[in-house]
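Novice: Structure provided below as structure tokens; questions to follow.
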Amino acid sequence: MITTVSEEQDRHLLEAAFYEKPFYFSYSSFNRLLLAPSIFYKEYILKEKEIRTGAHLIQGTLIHFLLLEGNNFDDKFIITPEAMPGENSMKVVNEVFTIYEAQVKEDLSKEGLALCDLEQEILDVLEAINLHQSVKDVAKRTAKIIEPRSEAYFEYLKIKDSKEIIDSVTLDKCTLAVEKIKSNNAICDLLGMNRESDGNTFAVYNEIPLQMELKDLPFGLKGIIDNVTIDVEKKLVTINDFKTTNKSLADFPETVEYWKYWLQATVYIKLAKEFFKEVMDDTWTLEFNFVVFDKYDHLYAFPVLPSTLKDWEHNWKQVVQEAKYHYESKDFTLPYEFAVGNVKL
């Protein structure tokens with residue numbers, strides 16, 4: 001692809017803007033940088049962030065809301081009577097909708113266009129993401145996207161604003177998960193739901209946004225922790241992170257490694273320690289749990305052993321060095337080990 005002078009200038013301006021102000025890594029941005037620095041550059045520096053549509057992301061958000069908030073549901077979610085399209089189709093429709101929005105800004109007469117009116121845009125997106133390219137008949141290729149569920153989803157995108165779109169099946173699944181959590185005394189105890197939070201002897205924090213600087217590093221940390229309890233009498237801080245998975249509970253330890261959830265736990269622990277630094281000292285204990293709802297509707301809280309947390313802290317030091325290399329060198333071409341030539345056959 002040929003890059004024009006204007007595109008090159010825009011790229012440099014966006015890069016300069018990125019480095020003008022402090023950057024705070026979240027778990028997701030750390031993970032993106034480690035896996036694919038070029039995608040990190042595109043999403044966080046060029047501001048071309050891909051819309052993520054994974055079912056587990058929507059389910060996780062909904063479970064958090066139903067369990068920890070519960071008010072003003074209609075302000076945050078919109079329910080479709082139809083089932084949602086598949087994940088690949090949803091991705092295509094989201095991309096097409098972004099193109100549609102840009103077209104409407106230039107020409108308001110296009111505001112009434114439906115998904116079926118955007119066949120060329122659909123074909124362009126399918127080609128860009130290399131989806132359904134084995135289907136040579138153009139009409140059959142677009143028909144894989146232009147179907148009732150996708151058409152309804154496209155129309156809901158027009159009116160959703162900042163709301164999350166869910167279907168009744170997702171709502172039922174997440175409601176079941178919340179009911180299971182509320183009926184499980186051990187997990188309710190863990191989340192602090194069975195105790196009064198007075199803010200002095202015992203406190204519960206839900207969906208708490210935190211941010212901190214990192215000493216001797218050019219960037220900081222940020223994150224939103226699902227649930228934190230602080231027990232002053234026991235000198236105990238407990239962090240609980242909710243996860244939904246399309247696998248079984250038995251597969252979750254492997255999932256922690258695959259998705260680097262250990263990195264998320266480490267980031268959250270550092271944020272919590274900074275937040276509670278005026279209260280905690282060396283006599284306090286900090287515990288971490290993943291509260292997991294699996295594909296069989298099983299619910300389990302995975303406690304993380306202190307020895308495991310130490311291993312994750314060791315891994316964290318390598319992550320920081322890799323992030324520092326990319327950030328300071330402005331080299332986002334390859335993952336660290338490849339960028340510095342450490343990989344040999």
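Here, A, B, ... name the chains of the structure tokens in the order displayed, residue numbers run from 1 inside each chain, and ligands are numbered from 1 in the same displayed order.
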Can you tell me, as a list in words, what residues are no more than 12 Å from Glu313 in chain A when counting only C-alpha atoms, ignoring any on the same chain fewer than 6 positions away?

Specialist: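 What passes the distance filter is Trp262, Leu263, Gln264, Ala265, Thr266, Val267, Tyr268, Ile269, Lys270, Pro306, Ser307, Val319 and Val320 of chain A.
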
Novice: Dump as a Markdown table the rows for residues of range 120-231 of chain A within 9 Å of range 235-255 of chain A: closest atom pair and distance in Å with one decimal, only C-alpha atoms counted, ordered by chain and rising residue number.

Specialist:
| residue | atom | partner | partner_atom | distance |
| --- | --- | --- | --- | --- |
| A:Leu190 | CA | A:Thr238 | CA | 7.9 |
| A:Leu191 | CA | A:Asn240 | CA | 7.1 |
| A:Ile225 | CA | A:Asp241 | CA | 7.0 |
| A:Asp226 | CA | A:Asp241 | CA | 5.5 |
| A:Asn227 | CA | A:Asn240 | CA | 5.1 |
| A:Val228 | CA | A:Ile239 | CA | 4.6 |
| A:Thr229 | CA | A:Thr238 | CA | 5.2 |
| A:Ile230 | CA | A:Val237 | CA | 4.5 |
| A:Asp231 | CA | A:Leu236 | CA | 5.2 |

Novice: Select from range 37-147 of chain A every residue with an atom at most 10 Å from any atom of range 201-209 of chain A, then for each give the shortest pair of atoms and their distance in Å to one decimal, using only C-alpha atoms, rows by chain and rising number, as a Markdown table.

Specialist:
| residue | atom | partner | partner_atom | distance |
| --- | --- | --- | --- | --- |
| A:His64 | CA | A:Glu207 | CA | 8.0 |
| A:Phe65 | CA | A:Glu207 | CA | 9.1 |
| A:Leu67 | CA | A:Asn206 | CA | 9.8 |
| A:Leu68 | CA | A:Asn206 | CA | 6.4 |
| A:Glu69 | CA | A:Asn206 | CA | 8.3 |

Novice: Those residues with N, CA and C atoms, as a compact mmCIF listing (two decimals), in the first residue's frame please?

Specialist:
# COMPACT_ATOMS: atom_id res chain seq x y z
N HIS A 64 -21.64 -7.81 35.55
CA HIS A 64 -21.16 -6.77 36.47
C HIS A 64 -22.29 -5.82 36.84
N PHE A 65 -23.02 -5.38 35.81
CA PHE A 65 -24.08 -4.40 36.04
C PHE A 65 -25.20 -4.98 36.90
N LEU A 67 -25.24 -7.47 38.91
CA LEU A 67 -24.85 -7.86 40.26
C LEU A 67 -24.44 -6.66 41.12
N LEU A 68 -23.68 -5.75 40.55
CA LEU A 68 -23.05 -4.71 41.34
C LEU A 68 -23.75 -3.35 41.27
N GLU A 69 -24.56 -3.13 40.23
CA GLU A 69 -25.24 -1.84 40.10
C GLU A 69 -26.76 -2.04 40.10

Novice: Hey, what's within 9 Å of range 92-108 of chain A if we count only C-alpha atoms and toss same-chain stuff fewer than 3 positions away? As a PyMOL selection string, please?

Specialist: chain A and resi 50-51+53+87-89+111-113+115+118+121-122+124-126+129+145+150-151+153-154+157-158

Novice: Atoms to include: C-alpha atoms. Write the selected residues as an mmCIF file, in the first residue's frame.

Specialist:
data_model
loop_
_atom_site.group_PDB
_atom_site.id
_atom_site.type_symbol
_atom_site.label_atom_id
_atom_site.label_comp_id
_atom_site.auth_asym_id
_atom_site.auth_seq_id
_atom_site.Cartn_x
_atom_site.Cartn_y
_atom_site.Cartn_z
ATOM 1 C CA GLU A 50 -11.246 -1.963 16.502
ATOM 2 C CA ILE A 51 -14.664 -2.492 18.060
ATOM 3 C CA THR A 53 -17.717 -7.770 19.870
ATOM 4 C CA GLU A 87 -19.430 -12.835 15.988
ATOM 5 C CA ASN A 88 -17.920 -12.564 12.481
ATOM 6 C CA SER A 89 -21.096 -11.063 11.047
ATOM 7 C CA GLU A 111 -29.254 8.580 6.865
ATOM 8 C CA GLY A 112 -32.103 6.273 5.846
ATOM 9 C CA LEU A 113 -29.862 3.653 4.231
ATOM 10 C CA LEU A 115 -27.713 -2.657 5.546
ATOM 11 C CA LEU A 118 -24.495 -1.031 1.460
ATOM 12 C CA GLU A 121 -19.201 -1.520 1.596
ATOM 13 C CA ILE A 122 -19.929 -5.063 2.850
ATOM 14 C CA ASP A 124 -14.947 -4.192 0.857
ATOM 15 C CA VAL A 125 -14.993 -5.110 4.558
ATOM 16 C CA LEU A 126 -15.207 -8.846 3.804
ATOM 17 C CA ILE A 129 -10.719 -9.052 6.861
ATOM 18 C CA ILE A 145 -24.174 -10.776 5.971
ATOM 19 C CA SER A 150 -27.633 -8.558 10.966
ATOM 20 C CA GLU A 151 -30.158 -6.140 9.465
ATOM 21 C CA TYR A 153 -28.492 -5.258 14.557
ATOM 22 C CA PHE A 154 -27.540 -2.552 12.038
ATOM 23 C CA LEU A 157 -26.637 0.530 16.031
ATOM 24 C CA LYS A 158 -28.320 3.680 14.716
#

Novice: Neighbours of range 161-178 of chain A within 6 Å (only C-alpha atoms; same-chain residues fewer than 5 positions away dropped), as a short mmCIF file (atom, residue, chain, number, x, y, z; two decimals) with C-alpha atoms, in the first residue's frame?

Specialist:
data_model
loop_
_atom_site.label_atom_id
_atom_site.label_comp_id
_atom_site.auth_asym_id
_atom_site.auth_seq_id
_atom_site.Cartn_x
_atom_site.Cartn_y
_atom_site.Cartn_z
CA ILE A 63 -23.15 -9.56 34.82
CA LEU A 67 -24.85 -7.86 40.26
CA LYS A 76 -27.05 1.36 29.65
CA PHE A 77 -28.53 -1.50 27.61
CA ILE A 78 -30.88 -1.97 24.68
CA ILE A 79 -32.50 -5.38 24.09
CA THR A 80 -33.16 -6.73 20.61
CA ALA A 83 -31.02 -13.12 18.36
#

Novice: Apply DSSP to the structure's backbone, then extract all residues of range 64-210 of chain A labelled helix (DSSP H, G or I) and return them as a ChimeraX atom specification.

Specialist: /A:64-69,73-76,87-106,108-112,115-117,119-128,138-143,148-159,168-182,185-191

Novice: Would you export the selected residues with C-alpha atoms as an mmCIF file, in the first residue's frame, please?

Specialist:
data_model
loop_
_atom_site.group_PDB
_atom_site.id
_atom_site.type_symbol
_atom_site.label_atom_id
_atom_site.label_comp_id
_atom_site.auth_asym_id
_atom_site.auth_seq_id
_atom_site.Cartn_x
_atom_site.Cartn_y
_atom_site.Cartn_z
ATOM 1 C CA HIS A 64 -21.156 -6.770 36.474
ATOM 2 C CA PHE A 65 -24.076 -4.397 36.045
ATOM 3 C CA LEU A 66 -26.828 -6.753 37.232
ATOM 4 C CA LEU A 67 -24.853 -7.857 40.258
ATOM 5 C CA LEU A 68 -23.052 -4.705 41.345
ATOM 6 C CA GLU A 69 -25.237 -1.842 40.103
ATOM 7 C CA PHE A 73 -30.822 -0.578 33.120
ATOM 8 C CA ASP A 74 -32.475 1.154 30.143
ATOM 9 C CA ASP A 75 -29.837 3.877 30.196
ATOM 10 C CA LYS A 76 -27.055 1.361 29.646
ATOM 11 C CA GLU A 87 -19.430 -12.835 15.988
ATOM 12 C CA ASN A 88 -17.920 -12.564 12.481
ATOM 13 C CA SER A 89 -21.096 -11.063 11.047
ATOM 14 C CA MET A 90 -21.294 -8.640 13.961
ATOM 15 C CA LYS A 91 -17.734 -7.540 13.273
ATOM 16 C CA VAL A 92 -18.552 -6.896 9.622
ATOM 17 C CA VAL A 93 -21.722 -4.963 10.458
ATOM 18 C CA ASN A 94 -19.817 -2.813 12.965
ATOM 19 C CA GLU A 95 -17.216 -1.945 10.334
ATOM 20 C CA VAL A 96 -19.878 -1.199 7.729
ATOM 21 C CA PHE A 97 -21.739 0.961 10.234
ATOM 22 C CA THR A 98 -18.585 3.022 10.813
ATOM 23 C CA ILE A 99 -18.393 3.628 7.049
ATOM 24 C CA TYR A 100 -22.109 4.471 7.000
ATOM 25 C CA GLU A 101 -21.671 7.037 9.794
ATOM 26 C CA ALA A 102 -18.883 8.760 7.839
ATOM 27 C CA GLN A 103 -21.110 8.848 4.744
ATOM 28 C CA VAL A 104 -24.008 10.372 6.687
ATOM 29 C CA LYS A 105 -21.740 13.133 8.037
ATOM 30 C CA GLU A 106 -20.956 14.112 4.457
ATOM 31 C CA LEU A 108 -27.491 13.556 5.421
ATOM 32 C CA SER A 109 -29.651 12.068 2.677
ATOM 33 C CA LYS A 110 -27.915 8.746 3.314
ATOM 34 C CA GLU A 111 -29.254 8.580 6.865
ATOM 35 C CA GLY A 112 -32.103 6.273 5.846
ATOM 36 C CA LEU A 115 -27.713 -2.657 5.546
ATOM 37 C CA CYS A 116 -28.978 -4.056 2.250
ATOM 38 C CA ASP A 117 -28.182 -0.704 0.595
ATOM 39 C CA GLU A 119 -23.494 -4.083 -0.557
ATOM 40 C CA GLN A 120 -20.241 -2.616 -1.881
ATOM 41 C CA GLU A 121 -19.201 -1.520 1.596
ATOM 42 C CA ILE A 122 -19.929 -5.063 2.850
ATOM 43 C CA LEU A 123 -17.815 -6.574 0.080
ATOM 44 C CA ASP A 124 -14.947 -4.192 0.857
ATOM 45 C CA VAL A 125 -14.993 -5.110 4.558
ATOM 46 C CA LEU A 126 -15.207 -8.846 3.804
ATOM 47 C CA GLU A 127 -12.172 -8.535 1.561
ATOM 48 C CA ALA A 128 -10.265 -6.453 4.117
ATOM 49 C CA VAL A 138 -20.858 -11.941 -5.006
ATOM 50 C CA ALA A 139 -24.588 -12.156 -4.263
ATOM 51 C CA LYS A 140 -24.106 -15.259 -2.120
ATOM 52 C CA ARG A 141 -21.186 -13.604 -0.322
ATOM 53 C CA THR A 142 -23.193 -10.527 0.669
ATOM 54 C CA ALA A 143 -26.170 -12.751 1.552
ATOM 55 C CA PRO A 148 -32.527 -10.617 9.365
ATOM 56 C CA ARG A 149 -30.349 -10.729 12.483
ATOM 57 C CA SER A 150 -27.633 -8.558 10.966
ATOM 58 C CA GLU A 151 -30.158 -6.140 9.465
ATOM 59 C CA ALA A 152 -31.861 -5.717 12.844
ATOM 60 C CA TYR A 153 -28.492 -5.258 14.557
ATOM 61 C CA PHE A 154 -27.540 -2.552 12.038
ATOM 62 C CA GLU A 155 -30.755 -0.641 12.808
ATOM 63 C CA TYR A 156 -30.125 -0.900 16.554
ATOM 64 C CA LEU A 157 -26.637 0.530 16.031
ATOM 65 C CA LYS A 158 -28.320 3.680 14.716
ATOM 66 C CA ILE A 159 -30.182 4.295 17.970
ATOM 67 C CA SER A 168 -32.897 -11.837 25.338
ATOM 68 C CA VAL A 169 -30.785 -15.029 25.326
ATOM 69 C CA THR A 170 -27.776 -13.096 26.640
ATOM 70 C CA LEU A 171 -29.923 -11.354 29.259
ATOM 71 C CA ASP A 172 -31.343 -14.703 30.440
ATOM 72 C CA LYS A 173 -27.860 -16.266 30.664
ATOM 73 C CA CYS A 174 -26.443 -13.335 32.622
ATOM 74 C CA THR A 175 -29.497 -13.167 34.913
ATOM 75 C CA LEU A 176 -28.962 -16.866 35.702
ATOM 76 C CA ALA A 177 -25.309 -16.178 36.494
ATOM 77 C CA VAL A 178 -26.254 -13.370 38.880
ATOM 78 C CA GLU A 179 -28.899 -15.541 40.581
ATOM 79 C CA LYS A 180 -26.292 -18.280 41.065
ATOM 80 C CA ILE A 181 -23.861 -15.811 42.578
ATOM 81 C CA LYS A 182 -26.493 -14.395 44.931
ATOM 82 C CA ASN A 185 -23.153 -17.819 50.320
ATOM 83 C CA ALA A 186 -19.424 -18.442 50.014
ATOM 84 C CA ILE A 187 -19.110 -16.196 46.966
ATOM 85 C CA CYS A 188 -21.438 -13.576 48.466
ATOM 86 C CA ASP A 189 -19.132 -13.527 51.510
ATOM 87 C CA LEU A 190 -16.159 -13.147 49.197
ATOM 88 C CA LEU A 191 -17.765 -10.162 47.452
#

Novice: Rounded to one decimal, what separation in Å do you get between CA of Phe25 in chain A and CA of Lys222 in chain A?

Specialist: 5.9 Å

Novice: For CA of Lys277 in chain A and CA of Asn200 in chain A, determine how far apart the two atoms are, in Å to one decimal place.

Specialist: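 Result for CA of Lys277 in chain A versus CA of Asn200 in chain A: 15.3 Å, one decimal.
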
Novice: Using backbone DSSP assignments, extract all strand (DSSP E) residues from range 66-196 of chain A; output them as a PyMOL selection string.

Specialist: chain A and resi 77-80+164-167

Novice: Which of these residues is nearest to Asp331 in chain A, using only C-alpha atoms: A:Ala36, A:His132, A:Ser28, A:Glu20?

Specialist: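 Among the listed residues, A:Ala36 lies closest to Asp331 in chain A.
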
Novice: Using only C-alpha atoms, which of A:Leu131, A:Ala17, A:Ala301, A:Leu334 sits nearest Ser38 in chain A?

Specialist: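 Closest to Ser38 in chain A of all the choices is A:Leu334.
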
Novice: Between A:Gly192, A:Pro37, A:Gly60, A:Gly223, which is the closest to Glu322 in chain A once you count only C-alpha atoms?

Specialist: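 Looking only at the distances to Glu322 in chain A, the closest residue turns out to be A:Pro37.
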
Novice: Work out how far CA of Arg32 in chain A is from CA of Leu14 in chain A, in Å to one decimal.

Specialist: 18.7 Å
